[in-house]
$ cat work_7.cif   # mmCIF, C-alpha atoms
data_start
loop_
_atom_site.label_atom_id
_atom_site.label_comp_id
_atom_site.auth_asym_id
_atom_site.auth_seq_id
_atom_site.Cartn_x
_atom_site.Cartn_y
_atom_site.Cartn_z
CA MET A 1 0.00 0.00 0.00
CA TYR A 2 1.86 3.13 1.17
CA ARG A 3 4.76 1.49 2.98
CA GLU A 4 6.77 -1.67 3.12
CA ARG A 5 7.39 -3.23 6.50
CA GLY A 6 10.21 -5.65 7.19
CA GLY A 7 13.74 -6.03 8.43
CA GLY A 8 15.61 -5.24 5.20
CA SER A 9 13.38 -2.62 3.65
CA SER A 10 14.99 0.65 2.69
CA LYS A 11 11.59 2.30 3.01
CA THR A 12 11.43 1.25 6.65
CA GLU A 13 14.86 2.67 7.29
CA LEU A 14 13.84 5.91 5.65
CA VAL A 15 10.71 6.30 7.76
CA GLY A 16 11.79 4.66 11.02
CA GLY A 17 15.25 6.15 11.39
CA PRO A 18 15.96 9.51 13.00
CA LEU A 19 16.92 11.12 9.68
CA GLY A 20 13.82 9.80 7.89
CA ARG A 21 11.45 10.86 10.62
CA LYS A 22 12.92 14.38 10.57
CA ARG A 23 12.43 14.57 6.79
CA ILE A 24 8.83 13.45 7.09
CA ASN A 25 7.97 15.88 9.88
CA ASP A 26 9.64 18.74 8.03
CA ALA A 27 7.61 17.90 4.94
CA LEU A 28 4.37 17.89 6.92
CA ASP A 29 5.27 21.18 8.60
CA ASN A 30 5.80 22.75 5.19
CA HIS A 31 2.50 21.37 3.99
CA LEU A 32 0.61 22.67 7.04
CA GLU A 33 2.14 26.13 6.56
CA LYS A 34 1.19 26.31 2.89
CA SER A 35 -2.38 25.12 3.13
CA SER A 36 -5.12 24.58 5.69
CA PRO A 37 -6.22 21.01 6.50
CA SER A 38 -9.02 19.62 4.31
CA THR A 39 -11.81 17.26 5.28
CA SER A 40 -12.76 16.43 1.75
CA ARG A 41 -11.47 13.32 0.00
CA ALA A 42 -12.16 15.02 -3.29
CA LYS A 43 -9.77 17.84 -2.42
CA ASP A 44 -7.15 15.33 -1.27
CA LYS A 45 -7.41 13.51 -4.57
CA GLU A 46 -7.02 16.78 -6.41
CA ARG A 47 -3.86 17.57 -4.43
CA LEU A 48 -2.49 14.08 -4.88
CA SER A 49 -3.27 13.72 -8.59
CA LEU A 50 -0.27 12.78 -10.66
CA PRO A 51 0.93 14.88 -13.61
CA SER A 52 0.09 13.16 -16.91
CA THR A 53 2.48 15.06 -19.19
CA SER A 54 6.02 14.10 -20.07
CA ALA A 55 7.19 16.97 -17.88
CA GLY A 56 5.42 15.34 -14.96
CA LYS A 57 7.16 12.04 -15.63
CA SER A 58 10.48 13.84 -15.82
CA GLN A 59 9.74 15.47 -12.47
CA LEU A 60 8.98 12.07 -10.89
CA ASP A 61 12.23 10.62 -12.30
CA HIS A 62 14.12 13.60 -10.89
CA ARG A 63 12.56 13.09 -7.43
CA ALA A 64 13.37 9.38 -7.52
CA ALA A 65 16.97 10.07 -8.49
CA ALA A 66 17.27 12.71 -5.77
CA ALA A 67 15.88 10.32 -3.15
CA ALA A 68 18.29 7.58 -4.24
CA ALA A 69 21.21 10.01 -4.08
CA TYR A 70 20.15 11.16 -0.61
CA LEU A 71 19.99 7.61 0.72
CA ALA A 72 23.35 6.69 -0.83
CA LYS A 73 24.98 9.79 0.59
CA ASN A 74 23.72 9.27 4.11
CA LYS A 75 23.90 5.47 4.25
CA PHE A 76 27.25 5.31 5.99
CA SER A 77 27.77 8.94 7.00
CA ASP A 78 26.64 8.41 10.56
CA GLU A 79 27.29 5.04 12.18
CA GLU A 80 24.93 5.73 15.08
CA SER A 81 22.08 6.73 12.79
CA GLU A 82 22.56 3.57 10.74
CA THR A 83 22.52 1.37 13.84
CA ASP A 84 19.48 3.13 15.30
CA SER A 85 17.48 2.80 12.08
CA LYS A 86 18.12 -0.93 12.06
CA GLU A 87 17.07 -1.25 15.69
CA SER A 88 13.91 0.73 14.96
CA ASP A 89 12.49 -2.13 12.89
CA VAL A 90 9.83 -4.32 14.47
CA SER A 91 11.32 -7.11 16.57
CA GLY A 92 10.86 -10.37 14.72
CA SER A 93 8.98 -8.63 11.92
CA ASP A 94 7.07 -10.94 9.60
CA GLY A 95 6.73 -8.41 6.81
CA ASP A 96 3.16 -7.93 5.71
CA ASP A 97 1.85 -10.03 8.64
CA THR A 98 2.64 -7.12 10.97
CA SER A 99 -0.11 -4.53 11.30
CA TRP A 100 0.73 -0.86 10.92
CA ILE A 101 -0.22 -0.21 14.54
CA SER A 102 2.09 -2.94 15.85
CA TRP A 103 4.86 -1.77 13.53
CA PHE A 104 4.51 1.83 14.72
CA CYS A 105 4.34 1.02 18.44
CA ASN A 106 7.46 -1.15 18.20
CA LEU A 107 9.61 1.50 16.58
CA ARG A 108 12.48 2.66 18.75
CA GLY A 109 11.34 5.72 20.68
CA ASN A 110 7.65 4.80 20.53
CA GLU A 111 7.69 2.68 23.68
CA PHE A 112 5.30 5.10 25.39
CA PHE A 113 2.50 4.25 22.92
CA CYS A 114 0.06 1.41 23.50
CA GLU A 115 -1.74 -0.38 20.67
CA VAL A 116 -5.18 1.09 20.05
CA ASP A 117 -7.92 -1.44 19.23
CA ASP A 118 -9.09 -1.45 15.63
CA GLU A 119 -12.71 -1.39 16.84
CA TYR A 120 -12.07 1.89 18.64
CA ILE A 121 -10.57 3.48 15.53
CA GLN A 122 -13.37 2.22 13.28
CA ASP A 123 -15.99 3.99 15.43
CA ASP A 124 -16.49 7.41 13.82
CA PHE A 125 -17.69 8.86 17.13
CA ASN A 126 -14.22 8.37 18.62
CA LEU A 127 -12.63 10.29 15.74
CA CYS A 128 -14.94 13.29 15.89
CA GLY A 129 -13.15 16.51 14.92
CA LEU A 130 -9.88 14.91 13.84
CA SER A 131 -10.49 15.19 10.11
CA SER A 132 -10.07 18.98 10.34
CA GLN A 133 -6.75 18.67 12.17
CA VAL A 134 -4.97 16.10 10.03
CA PRO A 135 -4.14 16.57 6.33
CA TYR A 136 -4.77 13.58 4.03
CA TYR A 137 -7.08 12.29 6.74
CA ASP A 138 -8.78 9.55 4.71
CA TYR A 139 -5.52 8.15 3.36
CA ALA A 140 -3.88 8.29 6.79
CA LEU A 141 -6.81 6.43 8.35
CA ASP A 142 -6.65 3.73 5.66
CA LEU A 143 -2.94 3.32 6.34
CA ILE A 144 -3.47 2.93 10.10
CA LEU A 145 -6.19 0.30 9.58
CA ASP A 146 -4.19 -1.54 6.87
CA VAL A 147 -6.94 -0.94 4.33
CA GLU A 148 -5.73 -1.78 0.84
CA SER A 149 -5.80 1.26 -1.42
CA SER A 150 -5.22 1.56 -5.14
CA HIS A 151 -3.90 5.09 -4.73
CA GLY A 152 -0.68 4.14 -2.96
CA ASP A 153 1.15 3.17 -6.15
CA MET A 154 0.17 6.46 -7.78
CA PHE A 155 1.68 8.74 -5.15
CA THR A 156 5.06 10.38 -5.48
CA GLU A 157 7.67 9.82 -2.79
CA GLU A 158 6.95 13.22 -1.30
CA GLN A 159 3.22 12.52 -1.18
CA ASN A 160 3.86 9.13 0.43
CA GLU A 161 5.93 10.83 3.11
CA LEU A 162 3.12 13.29 3.80
CA VAL A 163 0.64 10.43 4.18
CA GLU A 164 3.09 8.58 6.46
CA SER A 165 3.52 11.61 8.71
CA ALA A 166 -0.22 12.34 8.67
CA ALA A 167 -0.84 8.74 9.80
CA GLU A 168 1.55 9.16 12.73
CA MET A 169 -0.14 12.41 13.71
CA LEU A 170 -3.62 10.90 13.41
CA TYR A 171 -2.64 7.87 15.46
CA GLY A 172 -1.23 10.12 18.17
CA LEU A 173 -4.44 12.13 18.36
CA ILE A 174 -6.48 8.93 18.54
CA HIS A 175 -4.10 7.54 21.16
CA VAL A 176 -4.56 10.46 23.56
CA ARG A 177 -8.30 9.76 23.57
CA TYR A 178 -7.96 5.99 23.83
CA ILE A 179 -5.73 6.01 26.92
CA LEU A 180 -8.50 7.78 28.84
CA THR A 181 -10.88 4.83 28.29
CA SER A 182 -11.00 1.72 30.48
CA LYS A 183 -9.26 -0.42 27.84
CA GLY A 184 -6.63 2.22 27.26
CA MET A 185 -5.99 2.60 30.99
CA SER A 186 -5.57 -1.16 31.30
CA ALA A 187 -3.08 -1.25 28.42
CA MET A 188 -1.06 1.59 29.90
CA LEU A 189 -1.18 -0.04 33.33
CA GLU A 190 0.79 -2.99 31.99
CA LYS A 191 3.40 -0.66 30.56
CA TYR A 192 3.57 1.22 33.87
CA LYS A 193 4.18 -2.02 35.76
CA ASN A 194 6.95 -2.91 33.32
CA TYR A 195 8.61 0.51 33.81
CA ASP A 196 8.23 1.25 30.09
CA PHE A 197 7.83 4.95 30.86
CA GLY A 198 11.03 5.13 32.86
CA ARG A 199 11.83 5.98 36.47
CA CYS A 200 12.14 9.29 38.25
CA PRO A 201 15.72 10.62 38.06
CA ARG A 202 15.38 12.29 41.47
CA VAL A 203 17.48 10.47 44.06
CA TYR A 204 14.98 10.71 46.93
CA CYS A 205 12.18 9.26 44.81
CA CYS A 206 14.02 5.93 44.86
CA GLU A 207 13.44 5.06 41.19
CA GLN A 208 9.70 5.65 41.34
CA PRO A 209 8.04 4.57 38.05
CA CYS A 210 6.74 7.51 36.01
CA LEU A 211 3.92 8.23 33.58
CA PRO A 212 3.99 10.12 30.27
CA VAL A 213 2.45 13.58 30.22
CA GLY A 214 2.16 16.51 27.84
CA ARG A 215 2.49 20.14 28.80
CA SER A 216 -0.13 21.08 26.21
CA ASP A 217 -3.08 19.44 24.48
CA ILE A 218 -2.33 21.33 21.27
CA PRO A 219 -0.29 19.30 18.73
CA ARG A 220 3.26 20.45 17.99
CA SER A 221 3.39 22.70 21.04
CA SER A 222 5.78 20.70 23.23
CA THR A 223 7.38 17.28 23.49
CA VAL A 224 6.38 14.56 25.93
CA ASN A 225 7.66 14.52 29.51
CA ILE A 226 7.48 11.96 32.29
CA TYR A 227 5.55 12.72 35.49
CA CYS A 228 6.66 11.35 38.85
CA PRO A 229 3.71 10.76 41.20
CA LYS A 230 6.02 10.80 44.22
CA CYS A 231 7.63 14.23 43.88
CA GLU A 232 4.84 15.45 41.57
CA ASP A 233 7.25 16.99 39.10
CA ILE A 234 7.99 16.41 35.42
CA TYR A 235 11.23 15.46 33.68
CA TYR A 236 12.59 14.82 30.21
CA PRO A 237 12.62 11.19 29.05
CA ARG A 238 15.99 9.50 29.25
CA THR A 239 16.37 8.84 25.52
CA LYS A 240 16.36 11.45 22.79
CA TYR A 241 14.06 9.29 20.68
CA GLN A 242 11.29 9.37 23.26
CA GLY A 243 11.96 13.06 23.81
CA ASN A 244 10.98 13.80 20.20
CA ILE A 245 7.40 12.56 20.66
CA ASP A 246 4.64 15.16 20.64
CA GLY A 247 3.29 15.73 24.15
CA ALA A 248 -0.23 16.17 22.78
CA TYR A 249 -0.31 12.43 22.01
CA PHE A 250 -0.57 11.84 25.78
CA GLY A 251 -2.14 15.08 26.93
CA THR A 252 -2.25 16.93 30.23
CA THR A 253 -4.98 14.78 31.80
CA TYR A 254 -3.76 11.21 31.48
CA PRO A 255 -1.34 10.65 34.43
CA HIS A 256 -3.64 12.29 36.96
CA LEU A 257 -6.73 10.40 35.79
CA PHE A 258 -4.66 7.21 35.81
CA LEU A 259 -3.70 7.71 39.48
CA MET A 260 -7.31 8.52 40.35
CA THR A 261 -8.43 5.30 38.66
CA TYR A 262 -5.73 3.17 40.29
CA GLY A 263 -5.51 4.93 43.65
CA HIS A 264 -3.58 2.07 45.25
CA LEU A 265 -0.65 2.82 42.94
CA LYS A 266 -0.26 6.41 44.09
CA PRO A 267 2.79 6.60 46.38
CA GLN A 268 3.22 8.82 49.40
CA LYS A 269 4.64 12.22 48.57
CA ALA A 270 8.41 12.45 48.95
CA SER A 271 9.40 13.94 52.29
CA GLN A 272 13.17 14.05 51.90
CA SER A 273 14.95 16.81 50.05
CA TYR A 274 18.57 17.58 49.40
CA VAL A 275 20.30 19.96 51.84
CA PRO A 276 23.39 21.76 50.49
CA ARG A 277 26.32 21.88 52.90
CA VAL A 278 29.79 23.43 53.00
CA PHE A 279 32.27 21.62 55.24
CA GLY A 280 29.34 19.92 56.91
CA PHE A 281 27.45 23.15 57.68
CA LYS A 282 24.10 24.00 56.12
CA LEU A 283 24.10 27.02 53.89
CA HIS A 284 22.37 30.05 55.28
CA LYS A 285 19.27 31.05 53.35
CA PRO A 286 18.80 34.83 53.15
#
$ encode --input "work_7.cif" --output "structure tokens"
Amino acid sequence: MYRERGGGSSKTELVGGPLGRKRINDALDNHLEKSSPSTSRAKDKERLSLPSTSAGKSQLDHRAAAAAAYLAKNKFSDEESETDSKESDVSGSDGDDTSWISWFCNLRGNEFFCEVDDEYIQDDFNLCGLSSQVPYYDYALDLILDVESSHGDMFTEEQNELVESAAEMLYGLIHVRYILTSKGMSAMLEKYKNYDFGRCPRVYCCEQPCLPVGRSDIPRSSTVNIYCPKCEDIYYPRTKYQGNIDGAYFGTTYPHLFLMTYGHLKPQKASQSYVPRVFGFKLHKP
């Protein structure tokens, strides 16, 4: 359809790696700046229509050659990036047998995400208002649900990247709603018990498990943080990959509603605090 999934796919390395993800997000940012989001499939088709003239074919060949040159140039330029893109593939991927949702949630840096049920996504009521926020909404939704589409082979590489990024954005906006439901809370509970969200870096919190939180509910406003229920403060995730996730995909409500739902998991507030000393004497506070 729009992407290939598997261990040796160059498309997966392009999308899953840190360089590819930056290219995709930059492309979507440029698209959002140039035009307002559309809810109409007809308008999307008009935007995504391929040029039929020889000049159009020449332009496609030029884009393909440019993409190939870009990949060849950057293939071995950064050893860390190459290693990370390989590790970002789905563990034990079976190619087309892996759903898009499983593939996405198993990418390196996406450990905070849980897998949203297909039934939840297929209910239009749960997606109310999202079509006006996400460009290429219909195509992105088809990609998330693994719906076969005849349009995928007609898109240019740039258009495919826009659809890929739109799908990630749409899934994030669906995810922030899903984790507030009973099923979503249960899925996130398992990740909390497995310390998938990390531990509090504060010494006196004694490695208290944390929860993901956003500082804003508006997409592209801030990145995700982790909230410690013991010291009731927020911190940056330990890895840079997790730190690049949009905070709006988890929202400002989730960790507090989670602790209200599972009250027995809320720890006592930290009572100890660090006291600075010089030669054993406490510093005087003016």
$ atom_distance --input "work_7.cif" --atom1 "CA of Pro237 (chain A)" --atom2 "CA of Glu207 (chain A)"
13.6 Å
$ residues_around --input "work_7.cif" --residues "His256 (chain A)" --least-positions-apart "2" --cutoff "12 Å" --atoms "all atoms listed in the file" --output "ChimeraX atom specification"
/A:180,185,210-214,227-229,232,250-254,258-263,265-266
$ resolve_selection --input "work_7.cif" --expression "the PyMOL selection byres ((chain A and resi 218) around 12)" --output "PyMOL selection string"
chain A and resi 133+169+172-173+176+214-217+219-224+246-252
$ atom_distance --input "work_7.cif" --atom1 "CA of Arg177 (chain A)" --atom2 "CA of Val116 (chain A)"
9.9 Å
$ atom_distance --input "work_7.cif" --atom1 "CA of Asn225 (chain A)" --atom2 "CA of Ser131 (chain A)"
26.6 Å
$ residues_around --input "work_7.cif" --residues "region 267-272 of chain A" --least-positions-apart "2" --cutoff "7 Å" --atoms "all atoms listed in the file" --output "list in words"
Tyr204, Cys205, Pro229, Lys230, Cys231, Leu265 and Tyr274 of chain A
$ closest_residue --input "work_7.cif" --among "A:Trp100, A:Phe125, A:Phe197, A:Tyr192" --to "Asp142 (chain A)" --atoms "only C-alpha atoms"
A:Trp100
$ residues_around --input "work_7.cif" --residues "Leu141 (chain A)" --least-positions-apart "6" --cutoff "12 Å" --atoms "all atoms listed in the file" --output "list in words"
Tyr2, Arg41, Trp100, Ile101, Asp118, Ile121, Gln122, Asp123, Asp124, Leu127, Leu130, Ser131, Val134, Pro135, Val147, Glu148, Ser149, Val163, Glu164, Ser165, Ala166, Ala167, Glu168, Met169, Leu170, Tyr171, Gly172, Leu173 and Ile174 of chain A
$ residues_around --input "work_7.cif" --residues "Phe112 (chain A)" --least-positions-apart "2" --cutoff "8 Å" --atoms "only C-alpha atoms" --output "list in words"
Gly109, Asn110, Cys114, Lys191, Asp196, Phe197, Pro212 and Gln242 of chain A
$ axis_aligned_box --input "work_7.cif" --around "region 180-189 of chain A" --padding-each-side "4 Å" --output "JSON"
{"center_x": -6.0, "center_y": 3.3, "center_z": 30.3, "size_x": 17.9, "size_y": 17.0, "size_z": 14.1}
$ closest_residue --input "work_7.cif" --among "A:Leu143, A:Gly184, A:His175, A:Tyr120" --to "Cys105 (chain A)" --atoms "only C-alpha atoms"
A:His175
$ build_atoms --input "work_7.cif" --residues "region 208-220 of chain A" --atoms "N, CA and C atoms" --output "PDB file, keeping the file's coordinate frame"
ATOM      1  N   GLN A 208      11.148   5.749  41.472  1.00  0.00           N
ATOM      2  CA  GLN A 208       9.700   5.650  41.340  1.00  0.00           C
ATOM      3  C   GLN A 208       9.329   5.586  39.848  1.00  0.00           C
ATOM      4  N   PRO A 209       8.478   4.615  39.440  1.00  0.00           N
ATOM      5  CA  PRO A 209       8.040   4.570  38.050  1.00  0.00           C
ATOM      6  C   PRO A 209       7.223   5.817  37.682  1.00  0.00           C
ATOM      7  N   CYS A 210       7.387   6.276  36.455  1.00  0.00           N
ATOM      8  CA  CYS A 210       6.740   7.510  36.010  1.00  0.00           C
ATOM      9  C   CYS A 210       5.665   7.243  34.971  1.00  0.00           C
ATOM     10  N   LEU A 211       4.971   8.288  34.594  1.00  0.00           N
ATOM     11  CA  LEU A 211       3.920   8.230  33.580  1.00  0.00           C
ATOM     12  C   LEU A 211       4.147   9.328  32.553  1.00  0.00           C
ATOM     13  N   PRO A 212       3.807   9.082  31.287  1.00  0.00           N
ATOM     14  CA  PRO A 212       3.990  10.120  30.270  1.00  0.00           C
ATOM     15  C   PRO A 212       2.947  11.222  30.408  1.00  0.00           C
ATOM     16  N   VAL A 213       3.354  12.445  30.115  1.00  0.00           N
ATOM     17  CA  VAL A 213       2.450  13.580  30.220  1.00  0.00           C
ATOM     18  C   VAL A 213       2.854  14.641  29.202  1.00  0.00           C
ATOM     19  N   GLY A 214       1.890  15.382  28.722  1.00  0.00           N
ATOM     20  CA  GLY A 214       2.160  16.510  27.840  1.00  0.00           C
ATOM     21  C   GLY A 214       1.937  17.818  28.569  1.00  0.00           C
ATOM     22  N   ARG A 215       2.686  18.822  28.188  1.00  0.00           N
ATOM     23  CA  ARG A 215       2.490  20.140  28.800  1.00  0.00           C
ATOM     24  C   ARG A 215       1.407  20.935  28.084  1.00  0.00           C
ATOM     25  N   SER A 216       0.929  20.421  26.968  1.00  0.00           N
ATOM     26  CA  SER A 216      -0.130  21.080  26.210  1.00  0.00           C
ATOM     27  C   SER A 216      -0.949  20.032  25.478  1.00  0.00           C
ATOM     28  N   ASP A 217      -2.214  20.334  25.262  1.00  0.00           N
ATOM     29  CA  ASP A 217      -3.080  19.440  24.480  1.00  0.00           C
ATOM     30  C   ASP A 217      -3.129  19.842  23.011  1.00  0.00           C
ATOM     31  N   ILE A 218      -2.377  20.859  22.647  1.00  0.00           N
ATOM     32  CA  ILE A 218      -2.330  21.330  21.270  1.00  0.00           C
ATOM     33  C   ILE A 218      -1.149  20.660  20.561  1.00  0.00           C
ATOM     34  N   PRO A 219      -1.392  19.979  19.426  1.00  0.00           N
ATOM     35  CA  PRO A 219      -0.290  19.300  18.730  1.00  0.00           C
ATOM     36  C   PRO A 219       0.825  20.254  18.341  1.00  0.00           C
ATOM     37  N   ARG A 220       2.046  19.739  18.393  1.00  0.00           N
ATOM     38  CA  ARG A 220       3.260  20.450  17.990  1.00  0.00           C
ATOM     39  C   ARG A 220       3.560  21.670  18.862  1.00  0.00           C
TER      40      ARG A 220
END
